[in-house]
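Asks: Here you go, this is upload35.cif (mmCIF, C-alpha atoms).
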```
data_my_file
loop_
_atom_site.group_PDB
_atom_site.id
_atom_site.type_symbol
_atom_site.label_atom_id
_atom_site.label_comp_id
_atom_site.auth_asym_id
_atom_site.auth_seq_id
_atom_site.Cartn_x
_atom_site.Cartn_y
_atom_site.Cartn_z
ATOM 1 C CA MET A 1 -18.897 58.195 -62.649
ATOM 2 C CA GLU A 2 -22.130 57.138 -61.064
ATOM 3 C CA GLU A 3 -23.775 59.574 -58.685
ATOM 4 C CA ALA A 4 -24.375 58.426 -55.088
ATOM 5 C CA GLN A 5 -27.987 57.668 -54.454
ATOM 6 C CA ILE A 6 -29.566 59.752 -51.717
ATOM 7 C CA PRO A 7 -32.393 57.920 -49.917
ATOM 8 C CA ASP A 8 -35.692 59.639 -50.259
ATOM 9 C CA ALA A 9 -37.768 60.716 -47.280
ATOM 10 C CA ALA A 10 -39.907 57.558 -47.432
ATOM 11 C CA SER A 11 -36.839 55.260 -47.222
ATOM 12 C CA ALA A 12 -35.407 57.203 -44.281
ATOM 13 C CA GLY A 13 -38.742 56.963 -42.509
ATOM 14 C CA GLU A 14 -38.826 53.179 -42.985
ATOM 15 C CA VAL A 15 -35.328 52.837 -41.481
ATOM 16 C CA GLU A 16 -36.315 54.994 -38.527
ATOM 17 C CA ALA A 17 -39.491 52.991 -38.007
ATOM 18 C CA ALA A 18 -37.502 49.724 -38.106
ATOM 19 C CA ASN A 19 -35.102 51.081 -35.496
ATOM 20 C CA GLU A 20 -38.018 52.118 -33.292
ATOM 21 C CA ARG A 21 -39.500 48.626 -33.582
ATOM 22 C CA LYS A 22 -36.179 47.136 -32.496
ATOM 23 C CA LYS A 23 -36.004 49.516 -29.543
ATOM 24 C CA SER A 24 -39.610 48.678 -28.637
ATOM 25 C CA ARG A 25 -38.882 44.955 -28.734
ATOM 26 C CA ALA A 26 -35.737 45.407 -26.612
ATOM 27 C CA ARG A 27 -37.707 47.530 -24.139
ATOM 28 C CA GLU A 28 -40.483 44.926 -24.079
ATOM 29 C CA TYR A 29 -37.990 42.125 -23.354
ATOM 30 C CA ALA A 30 -36.347 44.199 -20.603
ATOM 31 C CA GLU A 31 -39.723 45.009 -19.035
ATOM 32 C CA THR A 32 -40.766 41.339 -19.219
ATOM 33 C CA ILE A 33 -37.537 40.223 -17.549
ATOM 34 C CA GLY A 34 -37.842 42.946 -14.927
ATOM 35 C CA LEU A 35 -41.464 42.083 -14.123
ATOM 36 C CA THR A 36 -40.596 38.376 -13.966
ATOM 37 C CA MET A 37 -37.790 39.081 -11.488
ATOM 38 C CA LEU A 38 -40.057 41.289 -9.384
ATOM 39 C CA ALA A 39 -42.738 38.582 -9.368
ATOM 40 C CA ALA A 40 -40.162 35.954 -8.358
ATOM 41 C CA LEU A 41 -38.875 38.156 -5.535
ATOM 42 C CA PHE A 42 -42.425 38.852 -4.386
ATOM 43 C CA LEU A 43 -43.171 35.119 -4.277
ATOM 44 C CA LYS A 44 -39.898 34.420 -2.439
ATOM 45 C CA PHE A 45 -40.318 37.114 0.191
ATOM 46 C CA PHE A 46 -44.069 36.900 0.806
ATOM 47 C CA ILE A 47 -45.620 33.651 -0.463
ATOM 48 C CA VAL A 48 -43.428 30.569 -0.758
ATOM 49 C CA GLU A 49 -39.714 29.817 -0.507
ATOM 50 C CA ALA A 50 -37.509 26.775 -0.963
ATOM 51 C CA TYR A 51 -35.378 25.321 1.850
ATOM 52 C CA ARG A 52 -33.028 22.364 2.147
ATOM 53 C CA ILE A 53 -32.883 20.002 5.129
ATOM 54 C CA PRO A 54 -29.198 19.687 6.151
ATOM 55 C CA THR A 55 -29.462 17.364 9.181
ATOM 56 C CA GLY A 56 -31.407 14.384 10.453
ATOM 57 C CA SER A 57 -33.094 16.112 13.407
ATOM 58 C CA MET A 58 -36.569 15.629 11.844
ATOM 59 C CA GLU A 59 -36.158 11.974 10.819
ATOM 60 C CA ASN A 60 -38.081 10.216 9.581
ATOM 61 C CA THR A 61 -40.623 12.932 8.805
ATOM 62 C CA LEU A 62 -37.971 14.899 6.925
ATOM 63 C CA LEU A 63 -34.612 13.552 5.822
ATOM 64 C CA ALA A 64 -31.263 15.227 5.227
ATOM 65 C CA GLY A 65 -31.315 16.052 1.537
ATOM 66 C CA ASP A 66 -35.022 16.888 1.344
ATOM 67 C CA PHE A 67 -35.845 20.164 -0.423
ATOM 68 C CA LEU A 68 -38.961 21.875 0.931
ATOM 69 C CA LEU A 69 -41.476 24.443 -0.169
ATOM 70 C CA VAL A 70 -42.406 26.625 2.781
ATOM 71 C CA ASN A 71 -45.610 28.657 2.995
ATOM 72 C CA LYS A 72 -44.548 32.088 4.308
ATOM 73 C CA PHE A 73 -47.950 33.693 3.831
ATOM 74 C CA ILE A 74 -50.003 31.625 6.241
ATOM 75 C CA TYR A 75 -48.350 32.889 9.454
ATOM 76 C CA GLY A 76 -48.056 36.464 8.204
ATOM 77 C CA ALA A 77 -45.538 37.337 5.511
ATOM 78 C CA LYS A 78 -42.693 39.605 6.561
ATOM 79 C CA THR A 79 -40.911 42.286 4.586
ATOM 80 C CA PRO A 80 -37.299 41.344 3.751
ATOM 81 C CA ARG A 81 -35.208 40.737 6.872
ATOM 82 C CA TYR A 82 -31.881 41.229 5.081
ATOM 83 C CA ILE A 83 -30.401 43.310 2.289
ATOM 84 C CA PRO A 84 -30.564 41.039 -0.810
ATOM 85 C CA LEU A 85 -27.436 38.931 -1.390
ATOM 86 C CA THR A 86 -26.102 39.873 2.057
ATOM 87 C CA ARG A 87 -26.767 38.890 5.670
ATOM 88 C CA VAL A 88 -27.137 42.533 6.794
ATOM 89 C CA ARG A 89 -30.245 42.707 8.957
ATOM 90 C CA LEU A 90 -33.069 45.118 8.145
ATOM 91 C CA PRO A 91 -36.004 46.315 10.241
ATOM 92 C CA PHE A 92 -39.099 44.487 9.033
ATOM 93 C CA ILE A 93 -42.846 44.419 9.460
ATOM 94 C CA THR A 94 -45.198 41.455 9.539
ATOM 95 C CA LEU A 95 -48.319 41.437 7.412
ATOM 96 C CA PRO A 96 -51.620 40.117 8.840
ATOM 97 C CA ALA A 97 -51.623 36.339 9.319
ATOM 98 C CA PHE A 98 -54.302 33.843 8.330
ATOM 99 C CA MET A 99 -53.438 31.766 11.380
ATOM 100 C CA LYS A 100 -50.807 31.298 14.063
ATOM 101 C CA PRO A 101 -48.607 28.217 14.342
ATOM 102 C CA ARG A 102 -50.503 25.351 15.920
ATOM 103 C CA THR A 103 -49.207 22.410 17.887
ATOM 104 C CA GLY A 104 -48.218 19.762 15.390
ATOM 105 C CA ASP A 105 -47.190 22.143 12.585
ATOM 106 C CA VAL A 106 -43.748 21.661 11.055
ATOM 107 C CA VAL A 107 -42.280 25.151 11.174
ATOM 108 C CA VAL A 108 -39.249 26.917 9.672
ATOM 109 C CA PHE A 109 -37.826 29.660 11.879
ATOM 110 C CA GLU A 110 -34.692 31.655 12.513
ATOM 111 C CA PHE A 111 -32.616 30.285 15.367
ATOM 112 C CA PRO A 112 -33.150 32.614 18.357
ATOM 113 C CA GLY A 113 -29.858 31.969 20.171
ATOM 114 C CA GLY A 114 -29.450 30.585 23.667
ATOM 115 C CA TYR A 115 -29.074 31.744 27.247
ATOM 116 C CA GLU A 116 -26.774 34.775 27.494
ATOM 117 C CA ALA A 117 -25.938 34.340 23.790
ATOM 118 C CA GLU A 118 -26.583 36.767 20.990
ATOM 119 C CA ARG A 119 -28.377 35.570 17.877
ATOM 120 C CA PRO A 120 -25.811 34.481 15.301
ATOM 121 C CA ALA A 121 -24.517 37.272 13.048
ATOM 122 C CA ASP A 122 -25.543 35.155 10.076
ATOM 123 C CA ALA A 123 -29.133 33.930 10.140
ATOM 124 C CA VAL A 124 -29.453 30.191 10.743
ATOM 125 C CA ASN A 125 -32.802 28.667 9.805
ATOM 126 C CA TYR A 126 -34.125 25.615 11.652
ATOM 127 C CA VAL A 127 -37.058 23.335 10.926
ATOM 128 C CA LYS A 128 -38.787 21.658 13.870
ATOM 129 C CA ARG A 129 -42.271 20.652 14.974
ATOM 130 C CA CYS A 130 -44.281 23.064 17.105
ATOM 131 C CA ILE A 131 -45.017 21.178 20.315
ATOM 132 C CA ALA A 132 -46.524 23.891 22.499
ATOM 133 C CA ALA A 133 -48.079 27.306 21.769
ATOM 134 C CA PRO A 134 -48.215 30.523 23.852
ATOM 135 C CA GLY A 135 -49.824 29.903 27.244
ATOM 136 C CA ASP A 136 -49.458 26.119 27.090
ATOM 137 C CA THR A 137 -47.845 24.091 29.856
ATOM 138 C CA LEU A 138 -45.399 21.480 28.611
ATOM 139 C CA MET A 139 -43.971 18.494 30.444
ATOM 140 C CA ILE A 140 -42.033 15.406 29.347
ATOM 141 C CA VAL A 141 -42.253 12.270 31.473
ATOM 142 C CA ASN A 142 -40.217 9.239 30.426
ATOM 143 C CA ARG A 143 -40.082 10.560 26.832
ATOM 144 C CA GLN A 144 -43.854 11.038 26.666
ATOM 145 C CA VAL A 145 -44.794 14.655 25.915
ATOM 146 C CA PHE A 146 -47.743 16.237 27.724
ATOM 147 C CA VAL A 147 -49.263 19.589 26.740
ATOM 148 C CA ASN A 148 -51.766 21.048 29.206
ATOM 149 C CA GLY A 149 -51.942 17.655 30.897
ATOM 150 C CA ARG A 150 -52.829 15.789 27.703
ATOM 151 C CA ILE A 151 -50.594 13.431 25.780
ATOM 152 C CA PHE A 152 -49.054 14.949 22.679
ATOM 153 C CA PRO A 153 -48.831 11.881 20.455
ATOM 154 C CA LEU A 154 -45.533 10.980 18.855
ATOM 155 C CA PRO A 155 -45.760 11.921 15.150
ATOM 156 C CA PRO A 156 -46.255 8.858 12.914
ATOM 157 C CA ARG A 157 -42.758 8.953 11.410
ATOM 158 C CA ALA A 158 -40.893 10.257 14.457
ATOM 159 C CA LYS A 159 -37.812 8.432 15.646
ATOM 160 C CA LEU A 160 -36.679 7.173 19.056
ATOM 161 C CA ASP A 161 -33.503 5.164 18.610
ATOM 162 C CA ARG A 162 -31.616 5.584 21.886
ATOM 163 C CA ARG A 163 -31.811 2.357 23.846
ATOM 164 C CA HIS A 164 -31.536 3.846 27.318
ATOM 165 C CA MET A 165 -33.742 6.483 28.933
ATOM 166 C CA PHE A 166 -32.442 9.191 31.207
ATOM 167 C CA PRO A 167 -34.101 8.786 34.650
ATOM 168 C CA LYS A 168 -35.874 11.686 36.336
ATOM 169 C CA GLU A 169 -33.062 12.176 38.823
ATOM 170 C CA PHE A 170 -30.442 12.615 36.079
ATOM 171 C CA ARG A 171 -29.543 16.301 35.641
ATOM 172 C CA ASP A 172 -28.328 17.406 32.202
ATOM 173 C CA TYR A 173 -26.468 20.701 32.492
ATOM 174 C CA ARG A 174 -27.090 21.448 28.801
ATOM 175 C CA ILE A 175 -30.843 21.559 29.303
ATOM 176 C CA PHE A 176 -33.044 24.674 29.288
ATOM 177 C CA PRO A 177 -33.412 26.657 31.454
ATOM 178 C CA LYS A 178 -29.926 26.831 32.862
ATOM 179 C CA GLY A 179 -29.754 25.110 36.228
ATOM 180 C CA ALA A 180 -32.964 23.085 35.772
ATOM 181 C CA ALA A 181 -33.043 19.631 37.356
ATOM 182 C CA SER A 182 -34.199 18.093 34.046
ATOM 183 C CA ASN A 183 -33.034 16.157 31.042
ATOM 184 C CA GLU A 184 -34.350 15.600 27.511
ATOM 185 C CA ASP A 185 -36.457 12.577 28.551
ATOM 186 C CA ASN A 186 -37.862 14.098 31.745
ATOM 187 C CA PHE A 187 -38.417 17.819 31.385
ATOM 188 C CA GLY A 188 -40.493 20.579 32.928
ATOM 189 C CA PRO A 189 -43.178 21.509 33.675
ATOM 190 C CA LEU A 190 -42.634 24.689 31.681
ATOM 191 C CA ILE A 191 -45.165 27.404 30.822
ATOM 192 C CA ILE A 192 -44.764 28.861 27.329
ATOM 193 C CA PRO A 193 -44.819 32.689 27.560
ATOM 194 C CA GLN A 194 -47.485 34.664 25.731
ATOM 195 C CA LYS A 195 -47.890 38.343 25.034
ATOM 196 C CA GLY A 196 -49.212 40.183 28.097
ATOM 197 C CA ASP A 197 -48.032 37.641 30.668
ATOM 198 C CA VAL A 198 -46.580 39.237 33.788
ATOM 199 C CA ILE A 199 -43.793 36.953 34.956
ATOM 200 C CA GLU A 200 -41.775 36.986 38.150
ATOM 201 C CA VAL A 201 -38.059 37.441 37.622
ATOM 202 C CA GLY A 202 -35.477 36.650 40.252
ATOM 203 C CA PRO A 203 -32.219 34.773 40.702
ATOM 204 C CA THR A 204 -33.921 31.375 40.324
ATOM 205 C CA THR A 205 -36.052 32.242 37.273
ATOM 206 C CA ILE A 206 -34.035 34.760 35.270
ATOM 207 C CA SER A 207 -32.293 32.093 33.146
ATOM 208 C CA GLU A 208 -35.709 31.033 31.829
ATOM 209 C CA TYR A 209 -36.579 34.535 30.673
ATOM 210 C CA TRP A 210 -33.156 36.045 30.004
ATOM 211 C CA ASN A 211 -33.232 35.522 26.249
ATOM 212 C CA ILE A 212 -36.849 36.698 26.003
ATOM 213 C CA ILE A 213 -36.043 40.007 27.693
ATOM 214 C CA ARG A 214 -32.987 40.563 25.504
ATOM 215 C CA HIS A 215 -34.855 39.622 22.325
ATOM 216 C CA GLU A 216 -37.520 42.177 23.153
ATOM 217 C CA GLY A 217 -34.906 44.910 23.108
ATOM 218 C CA HIS A 218 -33.996 45.314 26.769
ATOM 219 C CA THR A 219 -30.775 45.015 28.727
ATOM 220 C CA VAL A 220 -30.765 42.603 31.649
ATOM 221 C CA SER A 221 -28.260 41.926 34.401
ATOM 222 C CA VAL A 222 -28.078 40.229 37.780
ATOM 223 C CA LYS A 223 -26.190 41.824 40.654
ATOM 224 C CA GLY A 224 -24.184 39.902 43.215
ATOM 225 C CA ASN A 225 -27.064 39.771 45.703
ATOM 226 C CA GLY A 226 -29.372 38.210 43.085
ATOM 227 C CA SER A 227 -31.251 41.403 42.222
ATOM 228 C CA VAL A 228 -32.416 41.597 38.593
ATOM 229 C CA PHE A 229 -32.049 44.827 36.622
ATOM 230 C CA ILE A 230 -33.821 45.520 33.307
ATOM 231 C CA ASP A 231 -32.739 48.650 31.434
ATOM 232 C CA GLY A 232 -30.854 49.692 34.566
ATOM 233 C CA ALA A 233 -33.847 49.522 36.936
ATOM 234 C CA GLU A 234 -34.271 46.871 39.610
ATOM 235 C CA VAL A 235 -37.386 44.752 38.963
ATOM 236 C CA THR A 236 -39.182 41.710 40.285
ATOM 237 C CA THR A 237 -41.654 41.297 37.385
ATOM 238 C CA TYR A 238 -41.623 41.654 33.625
ATOM 239 C CA SER A 239 -44.476 42.006 31.104
ATOM 240 C CA VAL A 240 -43.937 39.769 28.047
ATOM 241 C CA GLU A 241 -44.224 41.653 24.735
ATOM 242 C CA LYS A 242 -44.395 38.777 22.209
ATOM 243 C CA ASP A 243 -45.811 35.284 21.789
ATOM 244 C CA TYR A 244 -43.443 32.315 22.075
ATOM 245 C CA TYR A 245 -43.393 28.686 20.952
ATOM 246 C CA PHE A 246 -41.679 25.454 21.980
ATOM 247 C CA MET A 247 -40.135 23.449 19.119
ATOM 248 C CA MET A 248 -38.818 19.891 19.006
ATOM 249 C CA GLY A 249 -37.334 17.661 16.325
ATOM 250 C CA ASP A 250 -39.125 14.433 15.412
ATOM 251 C CA ASN A 251 -35.810 12.597 15.827
ATOM 252 C CA ARG A 252 -36.181 13.069 19.563
ATOM 253 C CA ASP A 253 -32.840 11.545 20.589
ATOM 254 C CA ASN A 254 -30.789 13.497 18.048
ATOM 255 C CA SER A 255 -32.265 16.990 18.003
ATOM 256 C CA LEU A 256 -30.957 20.201 19.540
ATOM 257 C CA ASP A 257 -34.218 22.043 20.074
ATOM 258 C CA SER A 258 -36.195 24.053 22.615
ATOM 259 C CA ARG A 259 -35.278 21.529 25.303
ATOM 260 C CA PHE A 260 -31.742 22.903 25.052
ATOM 261 C CA TRP A 261 -32.029 26.547 23.953
ATOM 262 C CA GLY A 262 -35.536 27.670 24.870
ATOM 263 C CA PHE A 263 -38.428 29.510 23.271
ATOM 264 C CA VAL A 264 -38.931 30.747 19.701
ATOM 265 C CA PRO A 265 -40.496 34.233 19.417
ATOM 266 C CA ASP A 266 -43.239 34.734 16.845
ATOM 267 C CA ASP A 267 -41.276 37.352 14.894
ATOM 268 C CA LEU A 268 -38.577 34.782 14.039
ATOM 269 C CA ILE A 269 -41.038 32.307 12.545
ATOM 270 C CA ILE A 270 -40.683 32.131 8.758
ATOM 271 C CA GLY A 271 -43.380 29.736 7.604
ATOM 272 C CA LYS A 272 -44.949 26.301 7.512
ATOM 273 C CA ALA A 273 -43.302 23.404 5.661
ATOM 274 C CA ILE A 274 -45.796 22.067 3.121
ATOM 275 C CA LEU A 275 -44.171 19.946 0.409
ATOM 276 C CA VAL A 276 -41.017 17.983 -0.458
ATOM 277 C CA TYR A 277 -40.312 18.970 -4.069
ATOM 278 C CA TRP A 278 -36.971 17.171 -4.398
ATOM 279 C CA SER A 279 -34.893 14.760 -2.319
ATOM 280 C CA TRP A 280 -31.576 12.977 -2.572
ATOM 281 C CA ASP A 281 -29.415 10.978 -0.214
ATOM 282 C CA GLU A 282 -26.771 13.389 1.070
ATOM 283 C CA ALA A 283 -24.949 10.658 2.998
ATOM 284 C CA ALA A 284 -24.048 8.922 -0.282
ATOM 285 C CA LEU A 285 -24.102 11.963 -2.540
ATOM 286 C CA PRO A 286 -21.782 11.503 -5.541
ATOM 287 C CA ASP A 287 -19.814 14.322 -7.178
ATOM 288 C CA GLY A 288 -21.146 14.431 -10.750
ATOM 289 C CA PHE A 289 -24.377 16.238 -11.601
ATOM 290 C CA PHE A 290 -25.984 13.267 -13.330
ATOM 291 C CA ASP A 291 -24.895 10.962 -10.507
ATOM 292 C CA ARG A 292 -26.578 13.351 -8.076
ATOM 293 C CA ILE A 293 -29.775 13.211 -10.087
ATOM 294 C CA ALA A 294 -29.566 9.408 -10.114
ATOM 295 C CA SER A 295 -29.331 9.418 -6.298
ATOM 296 C CA GLY A 296 -32.735 11.111 -6.031
ATOM 297 C CA ARG A 297 -35.244 9.587 -3.602
ATOM 298 C CA TRP A 298 -38.093 9.552 -6.082
ATOM 299 C CA ASP A 299 -40.670 8.209 -3.646
ATOM 300 C CA ARG A 300 -40.358 11.384 -1.536
ATOM 301 C CA ILE A 301 -40.853 13.887 -4.347
ATOM 302 C CA GLY A 302 -44.248 15.563 -4.142
ATOM 303 C CA THR A 303 -45.036 14.322 -0.619
ATOM 304 C CA PHE A 304 -46.803 16.661 1.789
ATOM 305 C CA VAL A 305 -45.201 17.403 5.174
ATOM 306 C CA ARG A 306 -47.298 16.195 8.086
#
```
When written as C-alpha cells, how does the structure in this file appear?

Replies:
Amino acid sequence: MEEAQIPDAASAGEVEAANERKKSRAREYAETIGLTMLAALFLKFFIVEAYRIPTGSMENTLLAGDFLLVNKFIYGAKTPRYIPLTRVRLPFITLPAFMKPRTGDVVVFEFPGGYEAERPADAVNYVKRCIAAPGDTLMIVNRQVFVNGRIFPLPPRAKLDRRHMFPKEFRDYRIFPKGAASNEDNFGPLIIPQKGDVIEVGPTTISEYWNIIRHEGHTVSVKGNGSVFIDGAEVTTYSVEKDYYFMMGDNRDNSLDSRFWGFVPDDLIIGKAILVYWSWDEAALPDGFFDRIASGRWDRIGTFVR
C-alpha cells in the first residue's frame, strides 16, 4: 500500500499565498465596484443628472421624449433630498452656487404646489424657462412678456398655436393669484418676491403670498373679518425669507406654469438643462426595444438647450 503524501511546508505556503491572492483580487474588485458606485452617486447628487421630458409644455425648445443632462452644480448642489430608492423627504443643505438662475435659463425644479395646497407627497419635477428673477416686475400684455418694462423676447423655438387671444377684460379663475382679474395672455403686473422684502398682507393680497409663507415654515390663516394670522399672531406685513422665480413653458398656450400656480422658491431649484443626450418620439413609440431605438430623433441628440 502506498503511503499518503503529506505536503511539505513550502507547498502549503504556496497554497496559502494563492488563496491570499484570490482574496486580494476579490477585495480589489469589490473596492473598485464600491468606489465606482460612490462616484456615480456623487455625480448624480451633486454634478449632473439625467431627466426625461414627459410633456410638450416646452415645445419646440424641448420635445416630449427628450432626455436631458441637467447641471446641478451651477446653482448650488444640494445634499440628497430623499432617502435613496424612496420618496421620503430628508432635510438638506445647499452648497455654494457659482451663479443664480437668470432670466432665459431653462431650469429643472421641484413643483412647489399651488394656493392652499401642500406640495405633492411624491416629488414632481418640472422643466420651464425662467422668465423673471427675484425683485423683477413681470407683466404680460397681449401675449407679449415684459420684465421691468422691457420686452422679454419670445425664445426662438417657442410655440404660440392658439388662434384666439384672451382680451384684457376676460377673467380666468384658474390664474395666479387667486381672484386676480387676469388671464394667461394678459397678466400682472406682478413683483417677484426676493429675500428681505417686507410685503403687506391682507385679505386682498394674501392669496399671492399664501404659498410663500407656508413654504417658509409658517402657519397662515384668515379670519372672518379679513385679518391675517401667521403662526397665530395677527399681522399686516411679512418679511420674505427666500428668493423666488417666475417660470413659464415655451409652449405658451399649452403650459401650466407660474401663471397658474405662482412662484418657485430657490431651494426647490434642481439645476440648469444643458444637453439633449437622447430623444425619441413618444407619441408614436413602438413596443419593442429595437423599434424604440429606430424611432430615435437623431437630429436632436447632442444638441444644447437654449

Asks: Name the residues that the PyMOL selection byres ((chain A and resi 135-139) around 7) pulls out of this structure, and write them as a PyMOL selection string.

Replies: chain A and resi 132-134+140-141+145-148+187-194

Asks: Could you list, as number ranges by chain, every residue within 12 Å of Val235 in chain A, counting only C-alpha atoms and ignoring same-chain residues fewer than 5 positions away?

Replies: A: 198-203, 206, 220-223, 226-230

Asks: Can you write just those residues out, C-alpha atoms, as a PDB file, in the coordinates of the input?

Replies:
```pdb
ATOM      1  CA  VAL A 198     -46.580  39.237  33.788  1.00  0.00           C
ATOM      2  CA  ILE A 199     -43.793  36.953  34.956  1.00  0.00           C
ATOM      3  CA  GLU A 200     -41.775  36.986  38.150  1.00  0.00           C
ATOM      4  CA  VAL A 201     -38.059  37.441  37.622  1.00  0.00           C
ATOM      5  CA  GLY A 202     -35.477  36.650  40.252  1.00  0.00           C
ATOM      6  CA  PRO A 203     -32.219  34.773  40.702  1.00  0.00           C
ATOM      7  CA  ILE A 206     -34.035  34.760  35.270  1.00  0.00           C
ATOM      8  CA  VAL A 220     -30.765  42.603  31.649  1.00  0.00           C
ATOM      9  CA  SER A 221     -28.260  41.926  34.401  1.00  0.00           C
ATOM     10  CA  VAL A 222     -28.078  40.229  37.780  1.00  0.00           C
ATOM     11  CA  LYS A 223     -26.190  41.824  40.654  1.00  0.00           C
ATOM     12  CA  GLY A 226     -29.372  38.210  43.085  1.00  0.00           C
ATOM     13  CA  SER A 227     -31.251  41.403  42.222  1.00  0.00           C
ATOM     14  CA  VAL A 228     -32.416  41.597  38.593  1.00  0.00           C
ATOM     15  CA  PHE A 229     -32.049  44.827  36.622  1.00  0.00           C
ATOM     16  CA  ILE A 230     -33.821  45.520  33.307  1.00  0.00           C
TER      17      ILE A 230
END
```

Asks: Show me, as a PyMOL selection string, the residues that have an atom within 10 Å of Glu184 in chain A when counting all atoms listed in the file, minus same-chain residues fewer than 4 positions from it.

Replies: chain A and resi 140-143+165-168+170-172+174-176+188+252-253+255-260

Asks: Selected by the PyMOL selection byres ((chain A and resi 155) around 9) in the shown coordinates: which residues, as a list in words?

Replies: Thr61, Gly104, Phe152, Pro153, Leu154, Pro156, Arg157, Ala158, Lys159, Asp250 and Arg306 of chain A

Asks: Written as a list in words, which residues does the PyMOL selection byres ((chain A and resi 73) around 10) give for the file shown?

Replies: Leu43, Phe45, Phe46, Ile47, Val48, Val70, Asn71, Lys72, Ile74, Tyr75, Gly76, Ala77, Lys78, Leu95, Pro96, Ala97, Phe98, Met99, Ile270, Gly271 and Lys272 of chain A

Asks: Here is a test: counting all atoms listed in the file, which residue of A:Arg102, A:Arg162, A:Arg150, A:Arg214 is nearest to Asn254 in chain A?

Replies: A:Arg162

Asks: Mind pulling up the distance from CA of Tyr277 in chain A to CA of Gly296 in chain A?

Replies: 11.1 Å

Asks: Leaving out Gly65 in chain A and any residue of its chain fewer than 2 positions from it, which residues lie within 6 Å of it when counting all atoms listed in the file, given as a list in words?

Replies: Ile53, Leu63, Ser279, Trp280, Asp281 and Glu282 of chain A

Asks: Using all atoms listed in the file, can you tell me which of A:Ala294, A:Ala30, A:Val124, A:Val107 comes closest to Leu68 in chain A?

Replies: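 Looking only at the distances to Leu68 in chain A, the closest residue turns out to be A:Val107.
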
Asks: When you draw a straight line from CA of Lys128 in chain A to CA of Thr219 in chain A, how long is it in Å?

Replies: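 That distance, rounded to one decimal, is 28.8 Å.
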
Asks: Mind giving me the straight-line distance from CA of Thr79 in chain A to CA of Phe92 in chain A in Å, one decimal?

Replies: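 Between these atoms lies a distance of 5.3 Å.
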
Asks: Can you tell me which residues surround Gly217 in chain A at a distance of at most 12 Å, considering only C-alpha atoms, apart from same-chain residues fewer than 5 positions away, and format the answer as a short mmCIF file (atom, residue, chain, number, x, y, z; two decimals) with C-alpha atoms, in the coordinates of the input?

Replies:
```
data_model
loop_
_atom_site.label_atom_id
_atom_site.label_comp_id
_atom_site.auth_asym_id
_atom_site.auth_seq_id
_atom_site.Cartn_x
_atom_site.Cartn_y
_atom_site.Cartn_z
CA GLU A 118 -26.58 36.77 20.99
CA TRP A 210 -33.16 36.04 30.00
CA ASN A 211 -33.23 35.52 26.25
CA ILE A 212 -36.85 36.70 26.00
CA ILE A 230 -33.82 45.52 33.31
CA ASP A 231 -32.74 48.65 31.43
CA VAL A 240 -43.94 39.77 28.05
CA GLU A 241 -44.22 41.65 24.74
CA LYS A 242 -44.40 38.78 22.21
#
```
